[in-house]
file upload.cif (mmCIF, C-alpha atoms and all ligand atoms)
data_protein
loop_
_atom_site.label_atom_id
_atom_site.label_comp_id
_atom_site.auth_asym_id
_atom_site.auth_seq_id
_atom_site.Cartn_x
_atom_site.Cartn_y
_atom_site.Cartn_z
CA MET D 1 -94.17 43.13 -117.00
CA MET D 2 -91.59 44.01 -119.63
CA GLU D 3 -89.76 46.38 -117.37
CA ASP D 4 -89.92 43.98 -114.52
CA ILE D 5 -88.35 41.27 -116.62
CA GLU D 6 -85.60 43.57 -117.93
CA ASN D 7 -84.70 44.38 -114.32
CA LEU D 8 -84.64 40.73 -113.45
CA LYS D 9 -82.32 40.02 -116.36
CA ALA D 10 -79.98 42.84 -115.33
CA SER D 11 -79.82 41.68 -111.74
CA ILE D 12 -79.21 38.03 -112.74
CA LEU D 13 -76.44 38.99 -115.16
CA GLY D 14 -74.91 41.14 -112.43
CA GLU D 15 -74.91 38.24 -110.02
CA ILE D 16 -73.36 35.96 -112.63
CA GLN D 17 -70.50 38.43 -113.01
CA LYS D 18 -70.02 38.52 -109.25
CA ALA D 19 -69.85 34.73 -108.87
CA ASN D 20 -66.29 33.92 -107.88
CA ASP D 21 -66.31 30.17 -108.06
CA LEU D 22 -68.09 27.35 -109.84
CA LYS D 23 -70.16 26.48 -106.80
CA SER D 24 -71.77 29.95 -106.46
CA LEU D 25 -72.30 30.05 -110.22
CA ASP D 26 -74.20 26.80 -110.05
CA ASP D 27 -76.27 28.13 -107.15
CA ILE D 28 -77.32 31.01 -109.41
CA ARG D 29 -78.22 28.61 -112.20
CA VAL D 30 -80.49 26.66 -109.83
CA ALA D 31 -82.07 29.87 -108.47
CA VAL D 32 -82.89 30.91 -112.05
CA PHE D 33 -83.65 27.71 -113.93
CA GLY D 34 -84.34 25.19 -111.15
CA LYS D 35 -87.82 23.82 -110.46
CA LYS D 36 -88.74 26.92 -108.50
CA GLY D 37 -86.31 29.20 -110.29
CA GLU D 38 -87.14 32.79 -111.16
CA ILE D 39 -87.29 32.19 -114.90
CA THR D 40 -89.01 28.82 -114.49
CA GLU D 41 -91.75 30.48 -112.41
CA ARG D 42 -92.21 33.07 -115.08
CA MET D 43 -92.44 30.41 -117.77
CA LYS D 44 -95.19 28.77 -115.74
CA MET D 45 -97.07 32.05 -115.55
CA LEU D 46 -97.25 32.26 -119.37
CA GLY D 47 -100.04 29.68 -119.35
CA GLN D 48 -102.38 32.03 -117.55
CA MET D 49 -101.92 34.89 -120.02
CA GLU D 50 -104.13 35.88 -122.86
CA PRO D 51 -102.96 34.41 -126.14
CA GLU D 52 -101.73 37.69 -127.82
CA LYS D 53 -99.76 38.79 -124.76
CA ARG D 54 -98.49 35.30 -124.23
CA ILE D 55 -96.75 35.16 -127.63
CA GLU D 56 -94.98 38.45 -126.96
CA ALA D 57 -94.05 37.52 -123.40
CA ALA D 58 -92.85 34.05 -124.37
CA LYS D 59 -90.63 35.49 -127.07
CA GLU D 60 -89.19 38.01 -124.65
CA LEU D 61 -88.70 35.44 -121.92
CA ASN D 62 -86.95 33.05 -124.29
CA LEU D 63 -84.54 35.75 -125.42
CA ILE D 64 -83.70 36.56 -121.82
CA LYS D 65 -83.38 32.89 -121.01
CA THR D 66 -80.92 32.43 -123.88
CA SER D 67 -78.80 35.41 -122.93
CA ILE D 68 -78.67 34.31 -119.26
CA GLU D 69 -77.68 30.81 -120.40
CA GLU D 70 -74.95 32.26 -122.59
CA GLU D 71 -73.71 34.41 -119.75
CA LEU D 72 -73.69 31.42 -117.38
CA GLN D 73 -71.74 29.47 -119.98
CA LYS D 74 -69.16 32.22 -120.46
CA ARG D 75 -68.69 32.80 -116.74
CA LYS D 76 -68.36 29.08 -116.23
CA ALA D 77 -65.56 28.87 -118.80
CA VAL D 78 -63.73 31.76 -117.13
CA LEU D 79 -64.07 30.25 -113.66
CA GLU D 80 -62.97 26.82 -114.91
CA ASP D 81 -59.88 28.38 -116.41
CA GLU D 82 -59.11 30.17 -113.19
CA ALA D 83 -59.62 27.01 -111.16
CA LEU D 84 -57.28 25.07 -113.45
CA ASN D 85 -54.61 27.77 -113.25
CA ALA D 86 -54.82 27.83 -109.46
CA ARG D 87 -54.50 24.04 -109.37
CA LEU D 88 -51.54 24.03 -111.73
CA LYS D 89 -49.87 26.64 -109.60
CA SER D 90 -50.38 24.77 -106.35
CA GLU D 91 -49.41 21.40 -107.82
CA LYS D 92 -46.37 22.72 -109.63
CA ILE D 93 -43.31 20.45 -109.37
CA ASP D 94 -39.80 21.68 -109.90
CA VAL D 95 -38.44 19.22 -112.44
CA THR D 96 -34.90 20.40 -111.76
CA LEU D 97 -35.07 18.86 -108.27
CA PRO D 98 -33.35 15.45 -108.04
CA CYS D 99 -36.02 12.80 -108.36
CA ARG D 100 -34.66 10.72 -105.46
CA PRO D 101 -32.83 11.67 -102.31
CA GLU D 102 -29.05 11.48 -102.52
CA THR D 103 -27.63 8.06 -101.61
CA GLN D 104 -26.90 8.33 -97.91
CA GLY D 105 -24.96 5.16 -97.13
CA ARG D 106 -21.28 4.69 -97.81
CA ILE D 107 -19.08 1.68 -98.51
CA HIS D 108 -16.30 1.26 -95.95
CA PRO D 109 -12.77 1.53 -97.40
CA VAL D 110 -12.07 -2.06 -96.28
CA SER D 111 -15.05 -3.36 -98.27
CA LYS D 112 -13.98 -1.20 -101.19
CA ILE D 113 -10.45 -2.64 -101.19
CA GLU D 114 -11.87 -6.17 -100.96
CA GLU D 115 -13.98 -5.42 -104.03
CA GLU D 116 -11.02 -4.00 -105.88
CA VAL D 117 -8.79 -6.98 -105.04
CA ALA D 118 -11.54 -9.39 -106.10
CA ALA D 119 -12.02 -7.47 -109.37
CA ILE D 120 -8.32 -7.74 -110.22
CA PHE D 121 -7.89 -11.41 -109.29
CA GLY D 122 -11.23 -12.22 -110.87
CA GLU D 123 -9.79 -10.98 -114.14
CA LEU D 124 -6.80 -13.28 -113.59
CA GLY D 125 -9.08 -16.31 -113.22
CA PHE D 126 -9.26 -16.59 -109.42
CA GLU D 127 -12.38 -17.50 -107.47
CA VAL D 128 -13.34 -15.99 -104.12
CA ALA D 129 -13.50 -18.42 -101.17
CA THR D 130 -14.82 -17.62 -97.70
CA GLY D 131 -14.51 -19.42 -94.38
CA PRO D 132 -15.18 -19.08 -90.64
CA ASP D 133 -13.71 -16.45 -88.31
CA ILE D 134 -13.67 -18.95 -85.44
CA GLU D 135 -11.26 -21.61 -86.57
CA ASP D 136 -9.89 -24.84 -85.16
CA GLN D 137 -6.19 -25.13 -84.57
CA PHE D 138 -5.83 -27.77 -87.27
CA HIS D 139 -6.74 -25.28 -89.99
CA ASN D 140 -5.15 -22.21 -88.41
CA PHE D 141 -1.89 -23.89 -87.32
CA ASN D 142 -1.29 -27.65 -87.49
CA ALA D 143 -2.09 -28.23 -91.15
CA LEU D 144 0.00 -25.17 -92.00
CA ASN D 145 3.11 -26.94 -90.77
CA MET D 146 2.85 -25.40 -87.30
CA PRO D 147 2.33 -28.24 -84.82
CA LEU D 148 1.58 -27.46 -81.17
CA ASN D 149 4.55 -25.80 -79.48
CA HIS D 150 5.96 -24.69 -82.81
CA PRO D 151 7.78 -21.40 -82.04
CA ALA D 152 6.01 -19.60 -84.89
CA ARG D 153 2.72 -19.81 -82.97
CA GLN D 154 4.12 -17.24 -80.57
CA MET D 155 4.62 -14.80 -83.47
CA GLN D 156 0.90 -14.40 -83.83
CA ASP D 157 -0.52 -13.14 -80.50
CA THR D 158 -3.42 -15.54 -80.76
CA PHE D 159 -6.82 -15.14 -79.10
CA TYR D 160 -7.97 -18.55 -77.90
CA ILE D 161 -11.55 -19.60 -77.29
CA ALA D 162 -12.33 -22.41 -74.86
CA HIS D 163 -13.54 -25.57 -76.56
CA ASP D 164 -16.05 -26.16 -73.77
CA LYS D 165 -16.86 -23.21 -71.52
CA ASP D 166 -17.81 -25.45 -68.59
CA ALA D 167 -14.63 -27.55 -68.67
CA PRO D 168 -11.11 -26.50 -67.65
CA PHE D 169 -9.26 -24.73 -70.49
CA GLU D 170 -7.30 -27.17 -72.65
CA MET D 171 -4.77 -25.60 -74.97
CA GLU D 172 -4.81 -28.48 -77.44
CA ASN D 173 -8.56 -28.40 -77.96
CA ALA D 174 -9.13 -24.65 -77.87
CA TYR D 175 -10.51 -22.83 -80.86
CA VAL D 176 -8.96 -19.61 -82.10
CA VAL D 177 -10.25 -16.55 -83.86
CA ARG D 178 -8.16 -16.99 -86.96
CA THR D 179 -4.82 -15.20 -86.80
CA HIS D 180 -4.55 -15.16 -90.59
CA THR D 181 -6.55 -16.27 -93.62
CA SER D 182 -4.04 -19.03 -94.42
CA GLY D 183 -6.39 -21.65 -92.96
CA MET D 184 -8.40 -21.12 -96.13
CA GLN D 185 -5.57 -22.79 -98.06
CA ILE D 186 -6.35 -26.01 -96.21
CA ARG D 187 -10.14 -25.59 -96.38
CA THR D 188 -9.90 -25.09 -100.14
CA MET D 189 -7.65 -28.12 -100.71
CA GLU D 190 -10.03 -30.25 -98.66
CA LYS D 191 -12.88 -29.32 -100.93
CA GLN D 192 -11.26 -29.12 -104.32
CA GLN D 193 -8.60 -30.89 -106.37
CA PRO D 194 -6.08 -28.82 -108.42
CA PRO D 195 -5.96 -26.77 -110.49
CA ILE D 196 -6.76 -24.32 -107.69
CA ARG D 197 -6.84 -20.56 -108.06
CA ILE D 198 -8.54 -18.78 -105.17
CA ILE D 199 -8.41 -15.66 -103.08
CA ALA D 200 -9.93 -15.61 -99.60
CA PRO D 201 -10.66 -12.20 -98.09
CA GLY D 202 -11.79 -11.88 -94.48
CA ARG D 203 -11.39 -10.78 -90.90
CA THR D 204 -8.38 -11.87 -88.84
CA TYR D 205 -7.49 -11.31 -85.19
CA ARG D 206 -4.36 -10.75 -83.13
CA SER D 207 -3.81 -9.19 -79.74
CA ASP D 208 -2.18 -5.94 -80.84
CA MET D 209 -3.18 -2.26 -80.86
CA ASP D 210 -1.50 0.93 -82.09
CA ALA D 211 -1.81 3.37 -85.03
CA THR D 212 -1.17 0.59 -87.57
CA HIS D 213 -2.51 -2.43 -85.65
CA THR D 214 -5.99 -3.28 -84.39
CA PRO D 215 -7.06 -6.53 -82.69
CA MET D 216 -9.32 -7.24 -85.67
CA PHE D 217 -7.98 -6.56 -89.13
CA HIS D 218 -8.38 -7.90 -92.66
CA GLN D 219 -6.36 -10.07 -95.00
CA VAL D 220 -6.68 -11.58 -98.44
CA GLU D 221 -5.17 -15.00 -98.91
CA GLY D 222 -4.17 -16.22 -102.34
CA LEU D 223 -3.53 -19.80 -103.41
CA VAL D 224 -2.57 -21.26 -106.77
CA ILE D 225 -1.85 -24.97 -107.22
CA ASP D 226 -1.19 -26.81 -110.44
CA LYS D 227 1.32 -29.26 -111.89
CA THR D 228 3.81 -26.71 -113.13
CA THR D 229 3.21 -23.63 -110.98
CA THR D 230 6.52 -21.93 -110.20
CA LEU D 231 8.04 -18.99 -108.35
CA ALA D 232 8.05 -17.11 -111.66
CA HIS D 233 4.26 -17.38 -111.76
CA LEU D 234 4.09 -16.02 -108.22
CA LYS D 235 6.22 -13.02 -109.17
CA GLY D 236 4.36 -12.29 -112.39
CA CYS D 237 0.97 -12.63 -110.77
CA LEU D 238 1.75 -10.37 -107.81
CA TYR D 239 3.45 -7.81 -110.04
CA ASP D 240 0.37 -7.60 -112.26
CA PHE D 241 -1.81 -7.35 -109.19
CA ILE D 242 0.09 -4.55 -107.52
CA LYS D 243 0.23 -2.42 -110.67
CA ALA D 244 -3.49 -2.87 -111.27
CA PHE D 245 -4.24 -2.16 -107.62
CA PHE D 246 -2.36 1.13 -107.46
CA GLU D 247 -3.51 1.98 -110.98
CA LEU D 248 0.08 2.63 -112.12
CA ASP D 249 1.96 1.41 -115.22
CA GLU D 250 5.23 0.81 -113.36
CA ILE D 251 6.04 0.13 -109.72
CA PRO D 252 9.47 -0.96 -108.46
CA VAL D 253 9.08 -4.29 -106.66
CA ARG D 254 11.53 -6.37 -104.65
CA TYR D 255 11.31 -9.68 -102.81
CA ARG D 256 13.13 -10.17 -99.50
CA PRO D 257 13.76 -13.70 -98.22
CA SER D 258 11.56 -14.36 -95.22
CA TYR D 259 10.15 -17.18 -93.15
CA PHE D 260 6.68 -18.67 -92.91
CA PRO D 261 6.25 -22.28 -91.74
CA PHE D 262 3.77 -22.95 -94.56
CA THR D 263 5.85 -21.77 -97.52
CA GLU D 264 9.30 -22.71 -98.75
CA PRO D 265 10.97 -20.62 -100.00
CA SER D 266 9.23 -17.65 -98.39
CA ALA D 267 9.49 -13.99 -99.19
CA GLU D 268 8.07 -10.61 -98.41
CA MET D 269 7.25 -8.27 -101.24
CA ASP D 270 8.15 -4.59 -101.00
CA ILE D 271 7.05 -1.86 -103.36
CA GLY D 272 8.91 1.35 -104.16
CA CYS D 273 7.65 4.54 -102.60
CA LEU D 274 8.55 8.04 -101.57
CA LYS D 275 8.12 8.79 -97.89
CA THR D 276 7.73 12.44 -96.95
CA LYS D 277 6.91 13.98 -93.60
CA ASP D 278 3.20 13.46 -93.89
CA GLU D 279 2.58 11.02 -96.69
CA ILE D 280 3.76 7.95 -98.56
CA LYS D 281 3.63 8.09 -102.33
CA VAL D 282 3.66 4.73 -104.06
CA GLY D 283 5.91 4.44 -107.14
CA ALA D 284 9.47 5.54 -107.82
CA GLY D 285 11.39 6.82 -104.80
CA ASN D 286 14.17 5.84 -102.46
CA ASP D 287 12.05 3.97 -99.94
CA TRP D 288 10.49 0.53 -99.76
CA LEU D 289 7.26 -0.54 -98.20
CA GLU D 290 6.38 -4.10 -97.25
CA VAL D 291 2.99 -5.08 -98.67
CA LEU D 292 2.63 -8.85 -98.49
CA GLY D 293 4.04 -12.23 -97.50
CA CYS D 294 4.30 -15.05 -100.00
CA GLY D 295 6.08 -18.22 -101.01
CA MET D 296 5.84 -21.67 -102.57
CA VAL D 297 3.38 -23.89 -100.70
CA HIS D 298 5.29 -26.23 -98.34
CA PRO D 299 4.95 -29.93 -99.26
CA ASN D 300 3.68 -30.66 -95.73
CA VAL D 301 0.84 -28.22 -96.31
CA LEU D 302 -0.14 -29.88 -99.58
CA ARG D 303 -0.07 -33.24 -97.82
CA ALA D 304 -2.24 -31.93 -94.95
CA GLY D 305 -4.72 -30.72 -97.56
CA GLY D 306 -4.81 -34.13 -99.25
CA ILE D 307 -2.79 -33.17 -102.31
CA ASP D 308 0.23 -35.15 -103.52
CA PRO D 309 3.32 -32.87 -103.40
CA ASP D 310 5.10 -35.11 -105.92
CA GLU D 311 2.46 -34.28 -108.49
CA TYR D 312 1.44 -30.73 -107.58
CA GLN D 313 3.06 -27.54 -106.43
CA GLY D 314 1.89 -23.99 -105.96
CA PHE D 315 2.27 -20.60 -104.43
CA ALA D 316 0.44 -18.68 -101.73
CA PHE D 317 0.37 -15.11 -100.53
CA GLY D 318 -1.26 -13.07 -97.84
CA LEU D 319 -1.80 -9.34 -97.81
CA GLY D 320 -3.23 -6.89 -95.31
CA ILE D 321 -6.26 -5.07 -96.66
CA ASP D 322 -6.35 -2.35 -94.02
CA ARG D 323 -2.75 -1.42 -94.74
CA LEU D 324 -3.50 -1.20 -98.45
CA ALA D 325 -6.55 0.97 -97.73
CA MET D 326 -4.49 3.35 -95.59
CA LEU D 327 -1.90 3.57 -98.32
CA LYS D 328 -4.18 3.92 -101.31
CA TYR D 329 -6.65 6.34 -99.76
CA GLY D 330 -4.31 8.25 -97.45
CA ILE D 331 -5.94 7.31 -94.14
CA PRO D 332 -3.47 7.93 -91.31
CA ASP D 333 -4.73 5.89 -88.34
CA LEU D 334 -5.99 2.31 -88.57
CA ARG D 335 -7.93 2.54 -85.29
CA THR D 336 -10.32 5.07 -86.85
CA PHE D 337 -11.44 2.35 -89.32
CA PHE D 338 -13.43 0.61 -86.63
CA GLU D 339 -14.83 3.49 -84.59
CA SER D 340 -18.08 3.58 -86.62
CA ASP D 341 -17.99 7.37 -86.80
CA ILE D 342 -20.46 8.52 -89.45
CA ARG D 343 -18.36 11.65 -90.19
CA TRP D 344 -15.36 9.44 -90.91
CA MET D 345 -17.48 7.30 -93.23
CA LYS D 346 -18.76 10.37 -95.08
CA ASN D 347 -15.18 11.48 -95.59
CA TYR D 348 -13.46 8.18 -96.42
CA GLY D 349 -16.36 6.00 -97.58
CA PHE D 350 -17.44 5.25 -101.14
CA VAL D 351 -20.72 5.69 -102.98
CA PRO D 352 -22.38 2.27 -103.26
CA LEU D 353 -23.17 2.57 -106.96
CA ASP D 354 -19.51 3.10 -107.93
CA PHE D 355 -18.65 -0.57 -107.93
CA SER D 356 -15.13 -1.68 -108.83
CA SER D 357 -14.27 -3.36 -112.07
CA MET D 358 -11.19 -3.65 -114.26
CA THR D 359 -13.00 -2.13 -117.23
CA GLY D 360 -15.22 0.44 -115.51
CA GLY D 361 -12.60 1.68 -113.05
CA LEU D 362 -11.26 0.29 -109.80
CA SER D 363 -11.33 3.02 -107.20
CA ASN D 364 -13.82 5.01 -109.27
CA THR D 365 -13.74 8.07 -107.06
CA GLY D 366 -15.07 10.44 -109.74
CA GLY D 367 -18.38 12.30 -109.59
CA GLU D 368 -19.69 14.46 -106.80
CA ALA D 369 -19.10 12.01 -103.99
CA LYS D 370 -15.79 10.57 -102.92
N1 LIG V 401 -0.30 -15.79 -93.22
C1 LIG V 401 0.83 -14.91 -93.33
C2 LIG V 401 0.68 -13.78 -92.32
O1 LIG V 401 -0.41 -13.60 -91.80
C3 LIG V 401 0.94 -14.31 -94.72
C4 LIG V 401 1.26 -15.35 -95.76
C5 LIG V 401 0.25 -15.98 -96.44
C6 LIG V 401 2.57 -15.65 -96.07
C7 LIG V 401 0.53 -16.91 -97.41
C8 LIG V 401 2.87 -16.59 -97.04
C9 LIG V 401 1.84 -17.19 -97.71
O2 LIG V 401 1.59 -13.06 -92.02
#

call {"tool": "encode", "arguments": {"input": "upload.cif", "output": "structure tokens", "more": "lines below"}}
Ligand code: PHE
result
Amino acid sequence: MMEDIENLKASILGEIQKANDLKSLDDIRVAVFGKKGEITERMKMLGQMEPEKRIEAAKELNLIKTSIEEELQKRKAVLEDEALNARLKSEKIDVTLPCRPETQGRIHPVSKIEEEVAAIFGELGFEVATGPDIEDQFHNFNALNMPLNHPARQMQDTFYIAHDKDAPFEMENAYVVRTHTSGMQIRTMEKQQPPIRIIAPGRTYRSDMDATHTPMFHQVEGLVIDKTTTLAHLKGCLYDFIKAFFELDEIPVRYRPSYFPFTEPSAEMDIGCLKTKDEIKVGAGNDWLEVLGCGMVHPNVLRAGGIDPDEYQGFAFGLGIDRLAMLKYGIPDLRTFFESDIRWMKNYGFVPLDFSSMTGGLSNTGGEAK
């Protein structure tokens, strides 16, 4: 009996050592201590023994039981450790990996310039106004001192849209896709009494196409009206704008007399630049570059907008966003702006989180992405 039980102990301990996972270890425990387990059976047998032998045998059996239990416990701890290590290894995360995928989308240079222009004029106290792309001729032409048959209408290569597609085309009643944002001067005056200080960015359309013209392009209109607004305010305002926009302390600026039916006097503003074979550098240089049209709002325009020209006066300007984008970000061909080529966007686009502000940076092209 004694020998038999020593052998049993040795074989059980051997099996415990061989158990490679918690499941097989538990199977051993059940085979030994379960209801019909090897040790349990032997415990049961004690009852049939003679009293003197029973005491001896029970003592022996209990010792073996304890050492098997200890061994099970030890092996269990080892296997639990191993299981935890294996889990930690398989669930390891590399904390140096970026926690989110890189921002994929890009902001189009035109949107970026619109943001920049709004940031600058916002600082100067202007509000942003928006209006429709499909415009009536009153807002696009008539109210801007350009009645039907006015020669200036020919300057603009207008796209007309039939007023009623089932009726014969009538020039007088046709709609247009706006040829400029100047209609927003009228729409603003209709809604609001002076003082007025707005910019109106948006799409504009003319029938024209080459490296610097596309049938759809973008402008920002500006309008300021108050009792004592003068040409000096126009010049100061646009000078501050252009310096802020190109992020330069000094830029040579000149105004050339010009003609727009809706301003009097009218001018075009040029900025100094240096033109080389393959680029234009804004700032000091021997060349000039036209950047915007401007002037004092014509009294007829104020009247059409319901404002008394004897009490109020103001200035207006219009600038081409696409042109400014080409200039500021060195993009050579305007037509590529609207080809929706993802490679072009990756190259010329802007990271969405780098928004423009006068304090945080306008173009904000720092960091890993352009
Ligand atoms: N609307 C003019 C254009 O498209 C620009 C302009 C706006 C000129 C406002 C003067 C004042 O060319």

call {"tool": "residues_around", "arguments": {"input": "upload.cif", "residues": "Leu22 (chain D)", "least_positions_apart": "5", "cutoff": "9 Å", "atoms": "all atoms listed in the file", "output": "list of chain:residue names"}}
result
D:Asp27, D:Arg75, D:Lys76, D:Leu79, D:Glu80, D:Ala83

call {"tool": "write_last_selection", "arguments": {"input": "upload.cif", "atoms": "C-alpha atoms", "output": "PDB file, in the frame of the given file"}}
result
ATOM      1  CA  ASP D  27     -76.270  28.130-107.150  1.00  0.00           C
ATOM      2  CA  ARG D  75     -68.690  32.800-116.740  1.00  0.00           C
ATOM      3  CA  LYS D  76     -68.360  29.080-116.230  1.00  0.00           C
ATOM      4  CA  LEU D  79     -64.070  30.250-113.660  1.00  0.00           C
ATOM      5  CA  GLU D  80     -62.970  26.820-114.910  1.00  0.00           C
ATOM      6  CA  ALA D  83     -59.620  27.010-111.160  1.00  0.00           C
TER       7      ALA D  83
END

call {"tool": "closest_atom_pairs", "arguments": {"input": "upload.cif", "of": "chain D", "to": "ligand LIG 401 (chain V)", "cutoff": "10 Å", "atoms": "only C-alpha atoms and all ligand atoms", "output": "JSON lines"}}
result
{"residue": "D:Asn140", "atom": "CA", "partner": "V:LIG401", "partner_atom": "N1", "distance": 9.4}
{"residue": "D:Leu144", "atom": "CA", "partner": "V:LIG401", "partner_atom": "N1", "distance": 9.5}
{"residue": "D:Met155", "atom": "CA", "partner": "V:LIG401", "partner_atom": "O2", "distance": 9.2}
{"residue": "D:Gln156", "atom": "CA", "partner": "V:LIG401", "partner_atom": "O1", "distance": 8.1}
{"residue": "D:Arg178", "atom": "CA", "partner": "V:LIG401", "partner_atom": "O1", "distance": 9.7}
{"residue": "D:Thr179", "atom": "CA", "partner": "V:LIG401", "partner_atom": "O1", "distance": 6.9}
{"residue": "D:His180", "atom": "CA", "partner": "V:LIG401", "partner_atom": "O1", "distance": 4.6}
{"residue": "D:Thr181", "atom": "CA", "partner": "V:LIG401", "partner_atom": "N1", "distance": 6.3}
{"residue": "D:Ser182", "atom": "CA", "partner": "V:LIG401", "partner_atom": "N1", "distance": 5.1}
{"residue": "D:Gly183", "atom": "CA", "partner": "V:LIG401", "partner_atom": "N1", "distance": 8.5}
{"residue": "D:Met184", "atom": "CA", "partner": "V:LIG401", "partner_atom": "C7", "distance": 10.0}
{"residue": "D:Gln185", "atom": "CA", "partner": "V:LIG401", "partner_atom": "C7", "distance": 8.5}
{"residue": "D:Thr204", "atom": "CA", "partner": "V:LIG401", "partner_atom": "O1", "distance": 8.7}
{"residue": "D:Tyr205", "atom": "CA", "partner": "V:LIG401", "partner_atom": "O1", "distance": 10.0}
{"residue": "D:Arg206", "atom": "CA", "partner": "V:LIG401", "partner_atom": "O1", "distance": 9.9}
{"residue": "D:His218", "atom": "CA", "partner": "V:LIG401", "partner_atom": "O1", "distance": 9.8}
{"residue": "D:Gln219", "atom": "CA", "partner": "V:LIG401", "partner_atom": "O1", "distance": 7.6}
{"residue": "D:Val220", "atom": "CA", "partner": "V:LIG401", "partner_atom": "C5", "distance": 8.4}
{"residue": "D:Glu221", "atom": "CA", "partner": "V:LIG401", "partner_atom": "C5", "distance": 6.0}
{"residue": "D:Gly222", "atom": "CA", "partner": "V:LIG401", "partner_atom": "C7", "distance": 6.8}
{"residue": "D:Leu223", "atom": "CA", "partner": "V:LIG401", "partner_atom": "C7", "distance": 7.8}
{"residue": "D:Ser258", "atom": "CA", "partner": "V:LIG401", "partner_atom": "C6", "distance": 9.1}
{"residue": "D:Tyr259", "atom": "CA", "partner": "V:LIG401", "partner_atom": "C6", "distance": 8.3}
{"residue": "D:Phe260", "atom": "CA", "partner": "V:LIG401", "partner_atom": "C8", "distance": 6.0}
{"residue": "D:Pro261", "atom": "CA", "partner": "V:LIG401", "partner_atom": "C8", "distance": 8.5}
{"residue": "D:Phe262", "atom": "CA", "partner": "V:LIG401", "partner_atom": "C9", "distance": 6.8}
{"residue": "D:Thr263", "atom": "CA", "partner": "V:LIG401", "partner_atom": "C8", "distance": 6.0}
{"residue": "D:Glu264", "atom": "CA", "partner": "V:LIG401", "partner_atom": "C8", "distance": 9.0}
{"residue": "D:Pro265", "atom": "CA", "partner": "V:LIG401", "partner_atom": "C8", "distance": 9.5}
{"residue": "D:Ser266", "atom": "CA", "partner": "V:LIG401", "partner_atom": "C8", "distance": 6.6}
{"residue": "D:Ala267", "atom": "CA", "partner": "V:LIG401", "partner_atom": "C8", "distance": 7.4}
{"residue": "D:Glu268", "atom": "CA", "partner": "V:LIG401", "partner_atom": "C6", "distance": 7.8}
{"residue": "D:Leu292", "atom": "CA", "partner": "V:LIG401", "partner_atom": "C3", "distance": 6.8}
{"residue": "D:Gly293", "atom": "CA", "partner": "V:LIG401", "partner_atom": "C6", "distance": 4.0}
{"residue": "D:Cys294", "atom": "CA", "partner": "V:LIG401", "partner_atom": "C8", "distance": 3.6}
{"residue": "D:Gly295", "atom": "CA", "partner": "V:LIG401", "partner_atom": "C8", "distance": 5.4}
{"residue": "D:Met296", "atom": "CA", "partner": "V:LIG401", "partner_atom": "C9", "distance": 7.7}
{"residue": "D:Val297", "atom": "CA", "partner": "V:LIG401", "partner_atom": "C9", "distance": 7.5}
{"residue": "D:His298", "atom": "CA", "partner": "V:LIG401", "partner_atom": "C9", "distance": 9.7}
{"residue": "D:Phe315", "atom": "CA", "partner": "V:LIG401", "partner_atom": "C9", "distance": 7.5}
{"residue": "D:Ala316", "atom": "CA", "partner": "V:LIG401", "partner_atom": "C9", "distance": 4.5}
{"residue": "D:Phe317", "atom": "CA", "partner": "V:LIG401", "partner_atom": "C7", "distance": 3.6}
{"residue": "D:Gly318", "atom": "CA", "partner": "V:LIG401", "partner_atom": "C5", "distance": 3.6}
{"residue": "D:Leu319", "atom": "CA", "partner": "V:LIG401", "partner_atom": "C3", "distance": 6.5}
{"residue": "D:Gly320", "atom": "CA", "partner": "V:LIG401", "partner_atom": "O1", "distance": 8.1}

call {"tool": "residues_around", "arguments": {"input": "upload.cif", "residues": "Ala174 (chain D)", "least_positions_apart": "6", "cutoff": "12 Å", "atoms": "only C-alpha atoms", "output": "PyMOL selection string"}}
result
chain D and resi 134-138+140-141+148+158-165+167-168

call {"tool": "write_last_selection", "arguments": {"input": "upload.cif", "atoms": "C-alpha atoms", "output": "mmCIF file, in the frame of the given file"}}
result
data_model
loop_
_atom_site.group_PDB
_atom_site.id
_atom_site.type_symbol
_atom_site.label_atom_id
_atom_site.label_comp_id
_atom_site.auth_asym_id
_atom_site.auth_seq_id
_atom_site.Cartn_x
_atom_site.Cartn_y
_atom_site.Cartn_z
ATOM 1 C CA ILE D 134 -13.670 -18.950 -85.440
ATOM 2 C CA GLU D 135 -11.260 -21.610 -86.570
ATOM 3 C CA ASP D 136 -9.890 -24.840 -85.160
ATOM 4 C CA GLN D 137 -6.190 -25.130 -84.570
ATOM 5 C CA PHE D 138 -5.830 -27.770 -87.270
ATOM 6 C CA ASN D 140 -5.150 -22.210 -88.410
ATOM 7 C CA PHE D 141 -1.890 -23.890 -87.320
ATOM 8 C CA LEU D 148 1.580 -27.460 -81.170
ATOM 9 C CA THR D 158 -3.420 -15.540 -80.760
ATOM 10 C CA PHE D 159 -6.820 -15.140 -79.100
ATOM 11 C CA TYR D 160 -7.970 -18.550 -77.900
ATOM 12 C CA ILE D 161 -11.550 -19.600 -77.290
ATOM 13 C CA ALA D 162 -12.330 -22.410 -74.860
ATOM 14 C CA HIS D 163 -13.540 -25.570 -76.560
ATOM 15 C CA ASP D 164 -16.050 -26.160 -73.770
ATOM 16 C CA LYS D 165 -16.860 -23.210 -71.520
ATOM 17 C CA ALA D 167 -14.630 -27.550 -68.670
ATOM 18 C CA PRO D 168 -11.110 -26.500 -67.650
#

call {"tool": "atom_distance", "arguments": {"input": "upload.cif", "atom1": "CA of Gly283 (chain D)", "atom2": "CA of Ile251 (chain D)"}}
result
5.0 Å

call {"tool": "closest_residue", "arguments": {"input": "upload.cif", "among": "D:His108, D:Arg87, D:Lys65, D:Lys243", "to": "Tyr329 (chain D)", "atoms": "all atoms listed in the file"}}
result
D:His108
